[in-house]
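What's in final-v6.cif: mmCIF, C-alpha atoms
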data_query
loop_
_atom_site.label_atom_id
_atom_site.label_comp_id
_atom_site.auth_asym_id
_atom_site.auth_seq_id
_atom_site.Cartn_x
_atom_site.Cartn_y
_atom_site.Cartn_z
CA MET G 14 91.36 74.75 91.64
CA ALA G 15 91.67 71.02 91.17
CA ASN G 16 88.35 69.23 90.96
CA LYS G 17 87.58 67.34 94.17
CA VAL G 18 84.17 66.02 93.16
CA TYR G 19 83.95 62.40 91.94
CA THR G 20 80.95 60.48 90.65
CA ASP G 21 81.18 57.48 92.97
CA ALA G 22 83.32 55.58 95.47
CA ALA G 23 85.22 53.56 92.86
CA SER G 24 86.35 56.66 90.96
CA ALA G 25 87.10 58.57 94.19
CA LEU G 26 89.37 55.74 95.40
CA ASP G 27 90.97 55.14 92.00
CA GLY G 28 94.78 55.12 92.27
CA LEU G 29 94.75 55.38 96.08
CA LEU G 30 94.58 51.70 97.11
CA PHE G 31 97.54 49.34 97.51
CA ASP G 32 98.23 46.11 99.40
CA GLY G 33 99.55 46.56 102.93
CA MET G 34 98.27 50.12 103.30
CA THR G 35 96.86 51.77 106.43
CA ILE G 36 93.30 53.11 106.23
CA VAL G 37 91.81 55.37 108.93
CA SER G 38 88.02 55.23 109.04
CA GLY G 39 85.39 57.43 110.68
CA GLY G 40 82.21 56.07 112.26
CA PHE G 41 80.99 54.72 115.58
CA GLY G 42 79.26 51.35 115.50
CA LEU G 43 77.33 51.52 112.25
CA CYS G 44 76.59 55.25 112.71
CA GLY G 45 78.30 57.66 110.33
CA ILE G 46 80.40 54.97 108.66
CA PRO G 47 81.74 55.42 105.12
CA GLU G 48 79.64 52.53 103.74
CA ASN G 49 80.25 53.36 100.09
CA SER G 50 84.04 53.51 100.37
CA ILE G 51 84.09 50.28 102.38
CA ALA G 52 82.07 48.51 99.63
CA ALA G 53 84.42 49.87 96.96
CA ILE G 54 87.51 48.77 98.90
CA ARG G 55 86.00 45.29 99.14
CA ALA G 56 85.31 45.26 95.40
CA SER G 57 88.88 46.40 94.64
CA GLY G 58 90.32 43.26 96.27
CA VAL G 59 93.15 45.22 97.96
CA LYS G 60 94.53 43.20 100.89
CA GLY G 61 96.86 43.14 103.87
CA LEU G 62 95.14 46.24 105.22
CA THR G 63 95.69 47.84 108.59
CA VAL G 64 92.39 49.49 109.46
CA VAL G 65 92.15 52.11 112.19
CA SER G 66 88.52 52.38 113.29
CA ASN G 67 86.78 52.53 116.65
CA ASN G 68 84.70 49.45 115.75
CA ALA G 69 84.91 46.65 113.21
CA GLY G 70 81.36 46.75 111.88
CA VAL G 71 79.05 43.75 112.24
CA ASP G 72 78.87 40.45 110.39
CA GLY G 73 77.87 41.36 106.85
CA PHE G 74 77.92 45.16 107.13
CA GLY G 75 80.39 47.99 107.56
CA LEU G 76 83.99 46.90 108.08
CA GLY G 77 82.67 43.38 108.68
CA LEU G 78 82.55 43.17 104.87
CA LEU G 79 86.34 43.48 104.65
CA LEU G 80 86.85 40.89 107.41
CA GLU G 81 84.69 38.37 105.53
CA THR G 82 86.96 38.60 102.50
CA ARG G 83 90.16 38.45 104.64
CA GLN G 84 91.36 41.80 103.30
CA VAL G 85 92.26 43.04 106.80
CA LYS G 86 95.57 42.03 108.37
CA LYS G 87 95.31 44.20 111.46
CA MET G 88 92.68 46.29 113.25
CA ILE G 89 93.36 49.16 115.65
CA SER G 90 90.09 49.58 117.58
CA SER G 91 88.58 50.14 121.01
CA TYR G 92 85.55 47.85 120.79
CA VAL G 93 84.93 44.92 118.46
CA GLY G 94 82.23 43.10 120.44
CA GLU G 95 79.51 43.19 117.78
CA ASN G 96 81.33 41.03 115.24
CA LYS G 97 81.50 37.24 115.56
CA GLU G 98 83.68 36.76 112.47
CA PHE G 99 86.16 39.21 114.00
CA GLU G 100 86.25 37.28 117.26
CA ARG G 101 86.67 33.98 115.41
CA GLN G 102 89.56 35.25 113.24
CA TYR G 103 91.25 36.89 116.22
CA LEU G 104 91.01 33.89 118.57
CA ALA G 105 92.26 31.66 115.71
CA GLY G 106 95.31 33.93 115.33
CA GLU G 107 94.36 34.96 111.78
CA LEU G 108 93.91 38.64 112.54
CA GLU G 109 96.11 41.07 114.46
CA LEU G 110 94.41 43.40 116.88
CA GLU G 111 95.70 46.44 118.71
CA PHE G 112 93.25 47.60 121.35
CA ALA G 113 93.33 51.36 121.88
CA PRO G 114 91.07 53.01 124.47
CA GLN G 115 88.38 55.01 122.67
CA GLY G 116 89.59 58.43 123.77
CA THR G 117 93.19 57.50 123.11
CA LEU G 118 92.22 56.34 119.61
CA ALA G 119 90.39 59.59 118.85
CA GLU G 120 93.35 61.60 120.15
CA ARG G 121 95.84 59.48 118.17
CA MET G 122 93.95 60.44 115.00
CA ARG G 123 93.68 64.09 116.06
CA ALA G 124 97.37 64.23 116.98
CA GLY G 125 98.48 62.50 113.77
CA GLY G 126 96.45 64.94 111.72
CA ALA G 127 97.85 67.88 113.69
CA GLY G 128 101.49 66.91 113.15
CA ILE G 129 101.98 65.68 116.71
CA PRO G 130 103.85 62.34 116.73
CA GLY G 131 103.02 61.42 120.32
CA PHE G 132 101.32 62.58 123.49
CA TYR G 133 101.14 61.56 127.14
CA THR G 134 97.89 60.35 128.67
CA ARG G 135 96.73 58.96 131.99
CA THR G 136 94.40 56.54 130.22
CA GLY G 137 95.55 52.93 130.45
CA VAL G 138 98.26 53.37 133.09
CA GLY G 139 98.62 50.11 135.03
CA THR G 140 96.78 48.06 132.36
CA LEU G 141 97.74 45.87 129.38
CA VAL G 142 97.49 49.00 127.22
CA ALA G 143 100.53 50.50 128.97
CA GLU G 144 102.82 47.53 128.35
CA GLY G 145 105.92 48.45 126.38
CA LYS G 146 105.08 52.15 126.34
CA GLU G 147 107.21 54.94 127.80
CA HIS G 148 106.01 56.09 131.25
CA LYS G 149 106.62 59.62 132.46
CA GLU G 150 105.70 61.54 135.57
CA PHE G 151 104.14 65.00 135.42
CA ASP G 152 103.30 66.78 138.67
CA GLY G 153 103.54 63.52 140.62
CA GLU G 154 101.21 61.54 138.33
CA THR G 155 102.14 58.82 135.84
CA PHE G 156 101.30 59.08 132.14
CA ILE G 157 102.05 56.88 129.12
CA LEU G 158 103.24 57.87 125.69
CA GLU G 159 100.80 57.19 122.84
CA ARG G 160 101.60 57.71 119.16
CA GLY G 161 99.75 59.88 116.68
CA ILE G 162 98.36 58.04 113.65
CA VAL G 163 98.62 59.08 110.02
CA GLY G 164 97.07 56.72 107.46
CA ASP G 165 97.81 56.33 103.77
CA LEU G 166 94.11 57.01 103.31
CA ALA G 167 91.26 58.30 105.48
CA ILE G 168 87.64 57.49 104.60
CA VAL G 169 84.90 59.52 106.25
CA LYS G 170 81.16 60.05 106.02
CA ALA G 171 79.57 63.50 106.30
CA TRP G 172 76.08 64.87 105.80
CA LYS G 173 76.78 67.72 103.40
CA ALA G 174 79.78 68.99 101.49
CA ASP G 175 80.45 71.73 98.99
CA ARG G 176 82.62 71.21 95.91
CA PHE G 177 85.61 72.64 97.80
CA GLY G 178 85.47 69.78 100.32
CA ASN G 179 84.09 71.63 103.34
CA LEU G 180 82.12 69.14 105.44
CA VAL G 181 79.17 69.27 107.83
CA TYR G 182 78.14 66.22 109.87
CA ARG G 183 74.75 65.41 111.33
CA LYS G 184 74.06 64.61 115.02
CA THR G 185 76.07 61.70 116.48
CA ALA G 186 77.08 60.60 112.97
CA ARG G 187 79.92 63.09 113.50
CA ASN G 188 81.78 60.87 116.03
CA PHE G 189 85.23 59.82 114.77
CA ASN G 190 84.82 61.43 111.34
CA PRO G 191 86.39 64.85 112.08
CA PRO G 192 89.63 63.48 113.63
CA ALA G 193 89.78 60.72 110.97
CA ALA G 194 89.42 63.31 108.19
CA THR G 195 92.60 65.02 109.39
CA ALA G 196 94.60 61.79 109.72
CA GLY G 197 94.88 60.66 106.10
CA ARG G 198 97.64 61.50 103.63
CA VAL G 199 94.64 61.53 101.30
CA THR G 200 91.09 61.89 102.63
CA VAL G 201 88.01 60.72 100.74
CA ALA G 202 84.64 61.95 102.03
CA GLU G 203 81.29 60.45 101.09
CA VAL G 204 78.26 62.64 101.68
CA GLU G 205 74.50 62.66 101.27
CA GLU G 206 74.50 65.90 99.31
CA ILE G 207 76.91 68.30 97.62
CA VAL G 208 75.41 71.76 97.97
CA GLU G 209 75.77 74.97 95.94
CA ASP G 210 78.69 77.30 96.60
CA GLY G 211 78.00 79.41 99.68
CA ALA G 212 75.16 77.22 100.93
CA LEU G 213 77.21 75.99 103.91
CA GLU G 214 77.38 78.60 106.66
CA PRO G 215 81.14 79.36 107.07
CA ASP G 216 80.72 79.60 110.86
CA SER G 217 79.21 76.12 110.97
CA ILE G 218 81.67 74.05 108.93
CA HIS G 219 82.98 71.12 110.96
CA THR G 220 85.83 69.96 108.69
CA PRO G 221 87.47 72.71 106.60
CA SER G 222 88.17 71.84 102.96
CA VAL G 223 91.96 71.61 103.28
CA PHE G 224 91.63 68.21 104.97
CA VAL G 225 89.54 66.70 102.15
CA GLN G 226 90.99 65.79 98.74
CA ARG G 227 88.10 63.88 97.18
CA VAL G 228 84.35 63.93 97.75
CA PHE G 229 81.40 62.06 96.27
CA VAL G 230 77.67 61.57 96.89
CA GLY G 231 76.94 58.08 98.18
CA THR G 232 73.84 56.02 98.75
CA PHE G 233 73.33 55.09 102.39
CA GLU G 234 71.60 52.17 104.04
CA LYS G 235 72.20 53.69 107.53
CA ARG G 236 71.57 50.49 109.42
CA ILE G 237 70.50 50.84 113.10
CA GLU G 238 72.26 48.47 115.50
CA GLN G 239 69.96 48.77 118.54
CA ARG G 240 66.50 50.08 117.73
CA THR G 241 65.20 51.28 121.10
CA VAL G 242 61.86 53.11 121.27
CA ARG G 243 59.11 54.28 123.58
CA LYS G 244 55.70 52.77 122.83
CA ARG G 245 52.94 55.25 122.15
CA GLU G 246 49.89 55.00 124.36
CA ALA G 247 46.91 53.67 122.41
CA ALA G 248 44.54 56.57 121.66
CA MET Y 21 66.20 39.70 149.63
CA ALA Y 22 68.60 40.92 146.99
CA TRP Y 23 67.98 44.21 145.21
CA THR Y 24 66.74 44.07 141.61
CA ARG Y 25 68.72 45.73 138.81
CA ASP Y 26 66.29 48.62 138.94
CA GLU Y 27 66.73 49.02 142.70
CA MET Y 28 70.51 48.99 142.24
CA ALA Y 29 70.16 51.74 139.63
CA GLN Y 30 67.91 53.66 142.02
CA ARG Y 31 70.61 53.43 144.71
CA ALA Y 32 73.24 54.61 142.23
CA ALA Y 33 71.05 57.63 141.38
CA ARG Y 34 71.50 58.78 145.00
CA GLU Y 35 75.14 59.49 144.10
CA LEU Y 36 73.95 62.18 141.64
CA LYS Y 37 73.85 65.85 142.57
CA ASP Y 38 71.94 68.69 140.97
CA GLY Y 39 73.80 70.12 137.98
CA PHE Y 40 76.05 67.11 137.46
CA TYR Y 41 77.43 66.13 134.07
CA VAL Y 42 77.32 62.34 134.06
CA ASN Y 43 78.43 59.50 131.82
CA LEU Y 44 76.53 56.22 132.22
CA GLY Y 45 78.18 53.03 130.94
CA ILE Y 46 76.30 50.58 128.76
CA GLY Y 47 74.01 47.94 130.34
CA MET Y 48 72.70 48.36 133.88
CA PRO Y 49 74.23 51.84 134.40
CA THR Y 50 71.91 53.30 131.73
CA LEU Y 51 68.96 52.51 134.06
CA VAL Y 52 70.28 55.16 136.48
CA ALA Y 53 68.87 57.86 134.18
CA ASN Y 54 65.32 56.70 135.04
CA HIS Y 55 65.84 57.56 138.72
CA ALA Y 56 67.29 61.09 138.60
CA GLY Y 57 63.94 62.48 139.78
CA ASP Y 58 63.92 66.27 140.05
CA LEU Y 59 67.69 66.58 139.76
CA ASP Y 60 68.95 68.56 136.79
CA ILE Y 61 71.44 66.12 135.24
CA THR Y 62 73.13 66.39 131.85
CA LEU Y 63 74.00 62.99 130.37
CA GLN Y 64 77.06 62.60 128.17
CA SER Y 65 77.37 59.93 125.53
CA GLU Y 66 81.02 59.41 124.65
CA ASN Y 67 80.46 58.97 120.91
CA GLY Y 68 79.85 62.73 120.87
CA MET Y 69 76.74 64.09 122.59
CA LEU Y 70 75.90 66.11 125.70
CA GLY Y 71 72.30 66.35 126.85
CA MET Y 72 71.02 62.91 125.88
CA GLY Y 73 67.24 62.51 125.82
CA PRO Y 74 65.07 59.38 126.19
CA PHE Y 75 64.45 56.71 123.55
CA PRO Y 76 62.47 58.04 120.56
CA TRP Y 77 58.78 57.38 120.01
CA GLU Y 78 58.18 54.41 117.77
CA GLY Y 79 58.65 55.47 114.15
CA GLU Y 80 60.86 58.46 115.04
CA GLU Y 81 64.18 56.59 115.30
CA ASP Y 82 67.09 58.34 113.59
CA ALA Y 83 70.11 56.26 112.52
CA ASP Y 84 72.28 59.38 112.97
CA LEU Y 85 71.29 59.74 116.63
CA ILE Y 86 72.55 56.96 118.88
CA ASN Y 87 74.17 56.64 122.30
CA ALA Y 88 77.39 54.84 123.25
CA GLY Y 89 75.46 51.57 123.50
CA LYS Y 90 74.41 52.09 119.83
CA GLN Y 91 70.79 52.56 120.96
CA THR Y 92 68.57 55.13 119.26
CA VAL Y 93 68.03 58.18 121.50
CA THR Y 94 66.67 61.75 121.19
CA GLU Y 95 67.97 65.28 121.69
CA LEU Y 96 66.90 67.90 124.23
CA PRO Y 97 66.86 71.72 124.12
CA ARG Y 98 70.31 71.70 125.80
CA THR Y 99 71.89 69.11 123.47
CA SER Y 100 75.23 69.62 121.75
CA TYR Y 101 77.07 67.34 119.34
CA PHE Y 102 80.84 67.12 118.89
CA SER Y 103 83.58 64.81 117.66
CA SER Y 104 84.82 61.82 119.65
CA ALA Y 105 88.12 63.71 120.15
CA ASP Y 106 86.25 66.59 121.85
CA SER Y 107 84.15 64.08 123.77
CA PHE Y 108 87.20 62.53 125.37
CA ALA Y 109 88.73 65.94 126.01
CA MET Y 110 85.71 66.40 128.32
CA ILE Y 111 86.26 63.02 129.92
CA ARG Y 112 90.06 62.88 130.14
CA GLY Y 113 90.27 66.56 131.00
CA GLY Y 114 88.28 65.99 134.20
CA HIS Y 115 85.25 68.04 133.14
CA MET Y 116 82.67 65.36 133.92
CA ASP Y 117 81.42 65.00 137.51
CA LEU Y 118 80.70 61.29 137.72
CA SER Y 119 80.61 58.05 135.78
CA VAL Y 120 78.62 54.88 136.53
CA LEU Y 121 80.12 51.70 135.10
CA GLY Y 122 79.54 47.96 135.13
CA ALA Y 123 82.24 45.53 136.30
CA MET Y 124 83.41 41.93 136.14
CA GLU Y 125 85.64 42.33 139.23
CA VAL Y 126 86.42 45.04 141.76
CA ALA Y 127 89.40 44.69 144.09
CA GLU Y 128 89.66 45.87 147.69
CA ASN Y 129 92.21 48.50 146.60
CA GLY Y 130 89.75 50.00 144.08
CA ASP Y 131 91.10 48.28 140.95
CA LEU Y 132 88.46 47.66 138.28
CA ALA Y 133 88.28 44.94 135.60
CA ASN Y 134 85.47 45.12 133.07
CA TRP Y 135 86.73 44.69 129.52
CA MET Y 136 88.29 41.34 128.74
CA VAL Y 137 88.40 37.63 129.61
CA PRO Y 138 91.65 36.35 128.05
CA GLY Y 139 91.09 33.63 125.45
CA LYS Y 140 87.31 33.84 125.79
CA MET Y 141 85.78 37.22 125.40
CA VAL Y 142 87.30 39.74 123.03
CA LYS Y 143 85.23 42.88 123.04
CA GLY Y 144 87.44 45.75 124.06
CA MET Y 145 87.50 48.55 126.58
CA GLY Y 146 85.64 51.15 124.51
CA GLY Y 147 85.73 54.35 126.55
CA ALA Y 148 85.95 52.71 129.99
CA MET Y 149 89.71 53.23 130.48
CA ASP Y 150 89.37 56.91 129.58
CA LEU Y 151 86.39 57.31 131.92
CA VAL Y 152 88.16 55.81 134.93
CA ALA Y 153 91.26 57.87 134.17
CA GLY Y 154 89.35 61.14 133.82
CA ALA Y 155 86.11 61.18 135.80
CA PRO Y 156 86.73 62.30 139.39
CA ARG Y 157 84.16 59.91 140.86
CA ILE Y 158 83.44 56.35 139.72
CA VAL Y 159 80.38 54.39 140.86
CA VAL Y 160 80.31 50.69 139.96
CA LEU Y 161 77.18 48.55 139.60
CA MET Y 162 77.86 44.81 139.72
CA GLU Y 163 76.23 41.53 140.78
CA HIS Y 164 77.82 40.50 144.07
CA VAL Y 165 78.83 37.01 142.86
CA ASP Y 166 79.30 35.40 139.45
CA LYS Y 167 77.05 32.70 137.96
CA ALA Y 168 78.98 29.99 139.82
CA GLY Y 169 78.54 31.89 143.10
CA ASN Y 170 82.15 33.09 143.32
CA PRO Y 171 82.84 36.54 144.83
CA LYS Y 172 83.47 39.40 142.38
CA PHE Y 173 84.59 41.86 145.09
CA VAL Y 174 88.02 40.33 145.56
CA PRO Y 175 91.44 40.90 147.22
CA ALA Y 176 93.03 41.44 143.77
CA CYS Y 177 91.56 41.34 140.26
CA THR Y 178 92.37 38.20 138.26
CA LEU Y 179 91.14 39.70 134.95
CA PRO Y 180 92.99 42.38 132.94
CA LEU Y 181 92.49 45.78 134.59
CA THR Y 182 90.56 48.73 133.25
CA GLY Y 183 92.19 51.00 135.81
CA ARG Y 184 94.13 50.92 139.07
CA ASN Y 185 92.52 52.27 142.22
CA VAL Y 186 89.64 54.01 140.46
CA VAL Y 187 86.44 52.81 142.20
CA ASP Y 188 84.82 55.11 144.79
CA VAL Y 189 81.46 53.43 145.35
CA LEU Y 190 80.50 49.79 144.76
CA ILE Y 191 76.80 48.90 144.56
CA THR Y 192 75.93 45.21 144.31
CA ASP Y 193 72.62 43.38 144.53
CA ILE Y 194 73.11 42.81 148.28
CA ALA Y 195 75.26 45.67 149.59
CA VAL Y 196 76.80 49.10 149.11
CA PHE Y 197 80.46 49.89 149.86
CA ASP Y 198 82.09 53.28 149.74
CA ARG Y 199 85.25 54.95 150.94
CA ALA Y 200 86.28 58.41 152.07
CA ASP Y 201 89.02 58.74 149.46
CA ARG Y 202 91.23 56.59 147.28
CA LYS Y 203 93.69 55.95 150.13
CA SER Y 204 90.99 54.51 152.38
CA PRO Y 205 89.60 50.97 152.47
CA PHE Y 206 86.01 50.22 151.46
CA ARG Y 207 83.39 50.36 154.19
CA LEU Y 208 80.08 48.49 154.14
CA VAL Y 209 77.42 51.22 154.34
CA GLU Y 210 74.15 49.53 153.33
CA MET Y 211 72.67 46.07 152.89
CA ALA Y 212 69.59 44.93 150.97
CA PRO Y 213 66.56 44.15 153.17
CA GLY Y 214 67.03 40.90 155.07
CA VAL Y 215 70.72 40.57 154.16
CA THR Y 216 73.04 40.18 157.16
CA LEU Y 217 76.69 41.07 157.67
CA GLU Y 218 77.40 37.32 157.75
CA ASP Y 219 75.74 36.92 154.32
CA VAL Y 220 77.91 39.69 152.88
CA GLN Y 221 81.07 38.31 154.44
CA ALA Y 222 80.31 34.81 153.11
CA LYS Y 223 79.99 36.14 149.54
CA THR Y 224 82.96 38.55 149.63
CA SER Y 225 86.65 37.68 149.50
CA ALA Y 226 87.80 41.34 149.58
CA MET Y 227 88.73 42.99 152.86
CA PHE Y 228 86.24 45.69 153.91
CA ILE Y 229 85.29 47.50 157.08
CA GLY Y 230 82.04 46.03 158.39
#

Represent the structure from my file as C-alpha cells, please.
Amino acid sequence: MANKVYTDAASALDGLLFDGMTIVSGGFGLCGIPENSIAAIRASGVKGLTVVSNNAGVDGFGLGLLLETRQVKKMISSYVGENKEFERQYLAGELELEFAPQGTLAERMRAGGAGIPGFYTRTGVGTLVAEGKEHKEFDGETFILERGIVGDLAIVKAWKADRFGNLVYRKTARNFNPPAATAGRVTVAEVEEIVEDGALEPDSIHTPSVFVQRVFVGTFEKRIEQRTVRKREAA
Amino acid sequence: MAWTRDEMAQRAARELKDGFYVNLGIGMPTLVANHAGDLDITLQSENGMLGMGPFPWEGEEDADLINAGKQTVTELPRTSYFSSADSFAMIRGGHMDLSVLGAMEVAENGDLANWMVPGKMVKGMGGAMDLVAGAPRIVVLMEHVDKAGNPKFVPACTLPLTGRNVVDVLITDIAVFDRADRKSPFRLVEMAPGVTLEDVQAKTSAMFIG
C-alpha cells in the first residue's frame, strides 16, 4: 500500500498546489478548521484560489490568513460576517463571492463527492440564490437545481486517523469535514494523533480511508470565537 | 410598556410543545431555551449537534464543542454529533418541529428578510434559508420598528428575501401576530401591557386583522 502518512503540512501538500485551483475546506467558524494546511498554503504563495468553505475565518486566523495575502480570488460560503478584511475586499470589488445557503453548501460537497452533478432543493426558492438557476416542480412544489462541487484539493481536520487514512472527528469539530473530505480529487487530512493499526473501532469510523490520500499530525491552536460560560457560585 | 428581549423570548417559548425538536437562530432566539420550563425539548445546532446543553462552567470550555453562533456549549446524555450534511438533511427533510429566527423585515404575506443589506452589510444567510425551507413552523422575534422608528412589519420586504411566505408567528416588543395557515393573513393576538391597537397600527405598515 502506498504510504499516506506525511511529516507535516508542507510535505503533505507538496505537488498538489497550483494557481487558479479550487480548494474545498472543512470547518465551521474556527472550529475543526485545517489550520496547518491553511498556513502551508499561505506560505506556498499559490494564488487565484477559489475556496469553498462555510466561513472565511477571522482577521488574522483561519482562512482570513489567505485573504490578507490576496491569495483568494473567489469564496463560496454561507456566512462571512466575522471577517472585516473579507467585507472590505468584497465591497471594494476585489474579491468574488458566491453565497450558498449552509445546507445547500454541505449538500453540494456531499453530492460532488458522491458523483452526483446536481440536485433539486427547496432552499432559496424566491430569493437571490435562485437567480439564474433551473426551476422545476415536483408534486406541486418548486425546487431549484444546485450543482455538486468537486475541488482540485480538499483540506480537512480530524481528531484521530490511522495510517490507512480512516478518520474520526471529535464533537462539533466534525461539521463540514466529512462532506469536504469526499469532495476533493485529492484529500489531505490533518489530525491530532495517528493511532496504531486496529486502534480505531471499525464501527465508529466517520470517514473511511478511501476518501483520504494524505494525512499528517498537526499542531493546533484551536481558537475559540465566542467564549461563553456559566459563572461558578463562590464557595 | 414594551416587552423586554427576555419577555419576547418567554412569549416565543409558549410556541414550544413537549417533545419538540427545535432550532433556535443566533441572537435573541437563543434566549428562548431559558424559558422551556418543564417541557422536554431537544435543541438542534445546525453545525452538527442534537441535544445542546447550557454554556460550560468557567474553565471547562471546549473549542471542539460550539453552537451555530460559535459559542461554547455542553453536551447532554441525549446528545448526538453528525456532519453538517446530515444536519441539514434533518432540517431540509422536515424532521424538525419548529425554528425561531430573528428578522430585519417581515411582510404581510409571510415573506422574511434577515440576511443582507445590499452595499452595506455582507454577512450571509448561514442556515436561515434552509431552516425556512424545511422547518414546518417558523416563529420570528423582531423589534417592531427600526432605530429610526420605521415599521419592520411591512406590506412587502425591501431587503433581499430569506424565504417567501414562511413566517407563521411574529413576536415583536409590542405585539404578537399569528395566522391559521400560510394562506391566511396575520391576526393581532396579543399586545404588551399598556399598548393599544392604535399604537400598533401607528407603528405597522403591513395589513393585519386587528

Next on the checklist: Going by the chain IDs and residue numbers used in this file, which residues fall under the PyMOL selection byres ((chain G and resi 191) around 8)? Write them as a VMD selection string.
Outcome noted: (chain G and resid 39 187 to 190 192 to 195 219 to 220) or (chain Y and resid 103)

Keeping only C-alpha atoms, write the selected residues as a CSV table (one decimal), in the frame of the given file.
chain,number,residue,atom,x,y,z
G,39,GLY,CA,85.4,57.4,110.7
G,187,ARG,CA,79.9,63.1,113.5
G,188,ASN,CA,81.8,60.9,116.0
G,189,PHE,CA,85.2,59.8,114.8
G,190,ASN,CA,84.8,61.4,111.3
G,192,PRO,CA,89.6,63.5,113.6
G,193,ALA,CA,89.8,60.7,111.0
G,194,ALA,CA,89.4,63.3,108.2
G,195,THR,CA,92.6,65.0,109.4
G,219,HIS,CA,83.0,71.1,111.0
G,220,THR,CA,85.8,70.0,108.7
Y,103,SER,CA,83.6,64.8,117.7

Checklist entry - For G:Phe31, which of G:Glu120, G:Glu81, G:Asp165, G:Glu111 is the closest residue, counting only C-alpha atoms? => result G:Asp165

Checklist entry - In Å, how far is it from atom CA of Y:Arg25 to atom CA of Y:Ala153? => result 26.0 Å

Checklist entry - Could you write out as a count of residues only the residues of chain G within 9 Å of chain Y, counting only C-alpha atoms? => result 57

Item to check | Selection result for the PyMOL selection byres ((chain Y and resi 155-161) around 10) on this file, as a ChimeraX atom specification | outcome: /Y:25,28-29,31-33,35,42-45,47-49,110-126,130,132,150-154,162-164,186-193,196-198,201

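Put simply, atom CA of Y:Ala212 is 5.7 Å away from atom CA of Y:Ala22.
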
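Atom CA of G:Pro215 lies 25.3 Å from atom CA of Y:Gly71.
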
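Surrounding residues of (94.8, 54.9, 106.3) at most 7 Å away are Met34, Thr35, Ile36, Val37, Val64, Val163, Gly164, Asp165, Leu166, Ala167 and Gly197 of chain G (based on only C-alpha atoms).
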
Next on the checklist: Can you translate the PyMOL selection byres ((chain Y and resi 225) around 10) into the concrete residues it hits in this file, as a list in words?
Outcome noted: Ala127, Glu128, Asn170, Pro171, Lys172, Phe173, Val174, Pro175, Ala176, Val220, Gln221, Ala222, Lys223, Thr224, Ala226, Met227 and Phe228 of chain Y

Would you mind exporting C-alpha atoms of the selected residues as a PDB file, keeping the file's coordinate frame?
ATOM      1  CA  ALA Y 127      89.400  44.690 144.090  1.00  0.00           C
ATOM      2  CA  GLU Y 128      89.660  45.870 147.690  1.00  0.00           C
ATOM      3  CA  ASN Y 170      82.150  33.090 143.320  1.00  0.00           C
ATOM      4  CA  PRO Y 171      82.840  36.540 144.830  1.00  0.00           C
ATOM      5  CA  LYS Y 172      83.470  39.400 142.380  1.00  0.00           C
ATOM      6  CA  PHE Y 173      84.590  41.860 145.090  1.00  0.00           C
ATOM      7  CA  VAL Y 174      88.020  40.330 145.560  1.00  0.00           C
ATOM      8  CA  PRO Y 175      91.440  40.900 147.220  1.00  0.00           C
ATOM      9  CA  ALA Y 176      93.030  41.440 143.770  1.00  0.00           C
ATOM     10  CA  VAL Y 220      77.910  39.690 152.880  1.00  0.00           C
ATOM     11  CA  GLN Y 221      81.070  38.310 154.440  1.00  0.00           C
ATOM     12  CA  ALA Y 222      80.310  34.810 153.110  1.00  0.00           C
ATOM     13  CA  LYS Y 223      79.990  36.140 149.540  1.00  0.00           C
ATOM     14  CA  THR Y 224      82.960  38.550 149.630  1.00  0.00           C
ATOM     15  CA  ALA Y 226      87.800  41.340 149.580  1.00  0.00           C
ATOM     16  CA  MET Y 227      88.730  42.990 152.860  1.00  0.00           C
ATOM     17  CA  PHE Y 228      86.240  45.690 153.910  1.00  0.00           C
TER      18      PHE Y 228
END

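Minimum distance to G:Lys173 across G:Gln226, G:Ser217, G:Asn16, G:Ser38 (counting all atoms listed in the file) occurs at G:Ser217.
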
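Nearest to G:Val230 of all the residues G:Gly58, G:Pro47, G:Gly211, G:Gly106 is G:Pro47, based on all atoms listed in the file.
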
Next on the checklist: Set the distance at 12 Å and use all atoms listed in the file: which residues neighbour G:Ala53 once local chain neighbours fewer than 4 positions away are removed? I'd like the list as a ChimeraX atom specification.
Outcome noted: /G:21-27,29-30,47-49,57-59,75-76,78-79,168,203,231

Once you have the residues from the selection above, write them out as a tab-separated table (two decimals), in the coordinates of the input, restricted to C-alpha atoms.
chain	number	residue	atom	x	y	z
G	21	ASP	CA	81.18	57.48	92.97
G	22	ALA	CA	83.32	55.58	95.47
G	23	ALA	CA	85.22	53.56	92.86
G	24	SER	CA	86.35	56.66	90.96
G	25	ALA	CA	87.10	58.57	94.19
G	26	LEU	CA	89.37	55.74	95.40
G	27	ASP	CA	90.97	55.14	92.00
G	29	LEU	CA	94.75	55.38	96.08
G	30	LEU	CA	94.58	51.70	97.11
G	47	PRO	CA	81.74	55.42	105.12
G	48	GLU	CA	79.64	52.53	103.74
G	49	ASN	CA	80.25	53.36	100.09
G	57	SER	CA	88.88	46.40	94.64
G	58	GLY	CA	90.32	43.26	96.27
G	59	VAL	CA	93.15	45.22	97.96
G	75	GLY	CA	80.39	47.99	107.56
G	76	LEU	CA	83.99	46.90	108.08
G	78	LEU	CA	82.55	43.17	104.87
G	79	LEU	CA	86.34	43.48	104.65
G	168	ILE	CA	87.64	57.49	104.60
G	203	GLU	CA	81.29	60.45	101.09
G	231	GLY	CA	76.94	58.08	98.18
